[in-house]
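Everything on this sheet refers to the single structure shown next.
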Amino acid sequence: MEEEAKEQKISRKKVAVLPWMRNPVDISSFNNCPLTQLPFLHPRMKAALSSSGIDSPFPVQVAVWQETIGPGSFERDICVNSPTGSGKTLAYALPIVQILSSRAVKCLRALVVLPTRDLALQVMDVFASIAPAVGLSVGLAVGQSSIADEISMLIERPKLEAGVCYDPESRPMELRSAVDILVATPGRLMDHINNTKGFTLEHLRFLVVDETDRLLREAYQSWLPTVLQCTSSSVDDLFAYASPPLASTFGSLKTIRRVGVERGFKSKPYPRLVKMVLSATLTQDPSKLAQLDLHHPLFLTSGKIRYQLPQSLESFKLICEPKLKPLYLVSLLQSLQGEKAIVFTSSVESTHRLCTLLKFFGDLGIKIKEYSGHQHQTLRSKTLRGFREGGLQVLVSSDAMTRGMDVKGVRNVINYDKPPYIKTYIHRAGRTARAGNYGRCFTLLHQDEVNQFKKLLKKADIDSCPVYTVPSDSIESLRLSYDTSLEILKESVEMETFKKHKIGFKSSSKRKR
Ligand SMILES: Nc1ncnc2c1ncn2[C@@H]1O[C@H](COP(=O)(O)OP(=O)(O)OP(=O)(O)O)[C@@H](O)[C@H]1O
C-alpha cells in the first residue's frame with residue numbers, strides 16, 4: 001500500500017514518461033478475428049482452443065501475436081497495458097506455446113511469475129488447456145504441495161537399470177526438467193532456485209512477469225535480480241563448450257546462445273531471454289521498469305487513457321447514512337436477486353467482521369463466505385471453488401481477490417470500503433465485466449467521501465458515476481435484525497479475542513517452560 005502511495009505521488013509529480021512508452025501500439029485498433037486468421041497458429045493448438053470455447057482471439061491477443069509470431073518476431077520485449085478481463089493471459093500463453101511447440105528437447109524454457117498462489121493456479125489452467133496439445137508439459141511451483149512432491153513433478157530422474165550398482169562419484173545423476181513451462185510465485189521459485197538439484201533457468205527463453213506493477217513491489221529474497229542473474233550467460237560461458245560438457249547436477253543440456261546478430265543486440269547472447277510484462281495498470285515509473293532490464297521494449301496499450309475500465313462495466317455510487325452502512329449493503333445484496341457478487345473491504349479484519357455480521361443477520365437467502373489473505377490456503381481454495389461452482393453467491397474479500405482473479409458469472413462488485421487508489425478501484429471493479437460481459441461496480445460512500453471519490457475516478461477519466469438507490473423501506477425493515485446481529489457480533493468478537501489471548505498465553509507459558 002505504501003508503495004502504491006509512492007507511485008501515486010510520483011505520477012502527480014509528472015515524471016517524464018520513458019521514450020519507448022510515448023508511441024505505443026494501440027491495442028484498440030485491432031479487432032477480434034477468427035482463429036483461422038491467426039497466421040501460423042499450430043493446428044493442434046487451434047483445436048485445443050476451439051474445444052475450450054475460444055473461437056476468436058481478443059484484440060490484445062491479436063496484437064501480441066502480431067509482435068511475436070507475426071512480423072514482430074519477438075525482436076523486442078513486450079509490455080502490455082490492457083484493461084482487466086481483456087484476455088492478457090492467453091495473449092502471452094499463445095505465442096509462447098506456439099514457439100516452444102517446435103522444441104526438440106525438454107527443458108525449462110518459459111517461466112511465468114505471478115504474485116499469488118490462486119492466480120498462479122488460474123494461469124496454470126490456461127497453459128494446461130493448450131500446451132499438452134503440442135507435447136509441452138506445464139509445472140507449478142506455488143507451495144500448494146510439499147516441496148518434495150513439487151520437486152518430483154518438476155525434476156526428472158534418470159531411470160536406472162535394476163540390479164546395477166551406480167557410483168554417484170563416477171556417474172553423477174543427470175537430472176532434467178520435467179516441464180517446459182513453469183508457473184510460479186516468487187517464494188517457491190526462490191526455494192527451487194536455491195535448493196532444488198537439477199532446477200535451472202539457464203535454458204530459459206521466456207520470462208513473463210504478470211501483474212507487473214504488483215510483482216515489482218514484491219522484493220521477496222530479491223527474486224527478480226536472481227532470476228535475471230540465473231538466465232544471463234556471460235560471453236565467456238559461450239565458449240565453455242569448447243571442452244566436453246561436464247555432467248552436472250544441472251544436466252548435460254545446454255542452450256546454445258551464439259553471439260547475437262539481432263538488432264541492437266551486438267555481442268550479447270542469442271537467443272536472448274524474451275521478457276513479457278503485463279498489467280491493467282502498468283507502472284510508468286522508470287526506476288521500477290529499469291529493474292526488468294528490458295530489451296528495446298515495445299509498449300502495447302488500449303487507447304489513450306492510462307487507466308481504462310472495461311467498456312461493458314457500469315459504475316454506481318450508493319450514499320449511505322453514517323452507522324447504517326451494513327444495512328445498505330444487505331439491501332443492495334437482496335436487490336441483486338442471487339447474482340454473483342464480490343464485496344471488497346479495506347482489510348482482512350473488516351472482511352472477517354463484515355462477513356460475521358452478515359451471517360448473524362438472519363436468513364438472507366444468500367450464501368456468503370469470506371476470502372482473505374489471513375485464511376489457510378486450503379480453506380481459501382475451498383471457498384473459491386464453491387464460488388466458481390455456484391454454491392456461494394457472495395464473497396466478502398480483502399484485497400486478496402483484487403487482482404487477476406477470474407470467476408465466471410460475477411455480475412457485481414461492491415466496494416464496501418472506498419478504494420484508496422484508482423489502481424485499487426480498477427482491479428477490484430475488473431473482477432466483473434470480463435471478456436466483454438456486462439458488469440456493475442457499486443461503491444458505498446458516506447456523504448463526506450463523495451468528492452474524494454469523484455477525484456479518484458477522474459484519474460481514470462470516469463466522469464459518470466450515477467447514484468444508485470435502495471428502497472428506504474427496506475432499510476427500515478432491516479433495522480431490527482441489524483440491532484440484534486450487532487449484539488451477537490459484539491459477543492462473538494469478544495469470544496474470539498478471548499480465545500486468541502488464551503492461545504497466546506498457552507504458547508508463551510510453554511515457551512517459558
Ligand atoms: N479469445 C477469447 N475468447 C473468449 N474468451 C476469452 C478469450 N480470451 C480470454 N477469454 C476469457 O476472458 C476472461 C479474462 O481473461 P484473462 O483472465 O486473461 O484477463 P486479463 O486481461 O488477464 O484480466 P486481469 O487484468 O484482471 O488479470 C477469462 O475468463 C478467459 O477465459
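In the C-alpha cells, each chain is lettered A, B, ... as it comes, each chain's residues begin at 1, and ligands are numbered from 1 in order of appearance.
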
Next item on the list: From the DSSP assignment of the backbone, select every residue of stretch 254-466 of chain A that is alpha helix (DSSP H), and format the answer as a ChimeraX atom specification.
Entry: /A:286-290,325-335,348-359,377-389,422-429,450-458

Item checked: Test item: residues at most 10 Å from stretch 209-216 of chain A, only C-alpha atoms, excluding those fewer than 4 positions along its chain, as a ChimeraX atom specification -> /A:3-4,7,79-81,88-89,92,111-116,119-120,123,185-186,220,223-224,275-285,288-289,291-292,403-404

Next item on the list: Using only C-alpha atoms and all ligand atoms, find each protein or nucleic acid residue lying at most 9 Å from ligand 1; present the set as a PyMOL selection string.
Entry: chain A and resi 32-33+35+49+52-61+81-91+119+122-123+126+210-211+278-281+402-408+427-428+430-432+434-436

Check: If you measure from atom CA of A:Leu364 to atom CA of A:Leu333, what distance in Å do you get, rounded to one decimal?
Finding: 9.0 Å

Next item on the list: Mind giving me the straight-line distance from atom CA of A:Gln375 to atom CA of A:Ala148 in Å, one decimal?
Entry: 23.8 Å

Notebook entry, point to check: Can you tell me, as a VMD selection string, what residues are no more than 9 Å from A:Asn437 when counting only C-alpha atoms, ignoring any on the same chain fewer than 3 positions away?
Noted result: chain A and resid 312 to 313 409 411 432 to 434

Next item on the list: Using backbone DSSP assignments, extract all strand (DSSP E or B) residues from stretch 298-352 of chain A; output them as a count of residues only.
Entry: 17

Checklist line | Pairwise distance for atom CA of A:Ser492 and atom CA of A:Glu349, rounded to one decimal in Å | finding: 13.6 Å

Next item on the list: Compile the contact shell of A:Gly373 as JSON, numbers by chain: residues with an atom at most 10 Å away, counting only C-alpha atoms, same-chain residues fewer than 5 positions apart removed.
Entry: {"A": [116, 347, 348, 380, 397, 398, 399, 400, 401]}

Margin query: Measuring between only C-alpha atoms, which one of A:Gln98, A:Asn23, A:Ser477, A:Thr469 shows the shortest distance to A:His42?
Written below: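 Of A:Gln98, A:Asn23, A:Ser477, A:Thr469, the one nearest A:His42 is A:Gln98, counting only C-alpha atoms.
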
Next item on the list: With a distance cut-off of 8 Å and only C-alpha atoms, select the neighbouring residues of A:Trp65, excluding the residue or stretch itself and same-chain residues fewer than 2 positions from it, and output the selection as an MDAnalysis selection string.
Entry: chainID A and resid 38 61:63 67:70 91 94:95

Notebook entry, point to check: What lies within 12 Å of A:Val330 using only C-alpha atoms, ignoring chain neighbours under 3 positions off, as a VMD selection string?
Noted result: chain A and resid 320 324 to 327 333 to 337 343 354 to 355 357 to 366 368 394 414 416 444 470 to 471 474 to 479 481 to 482
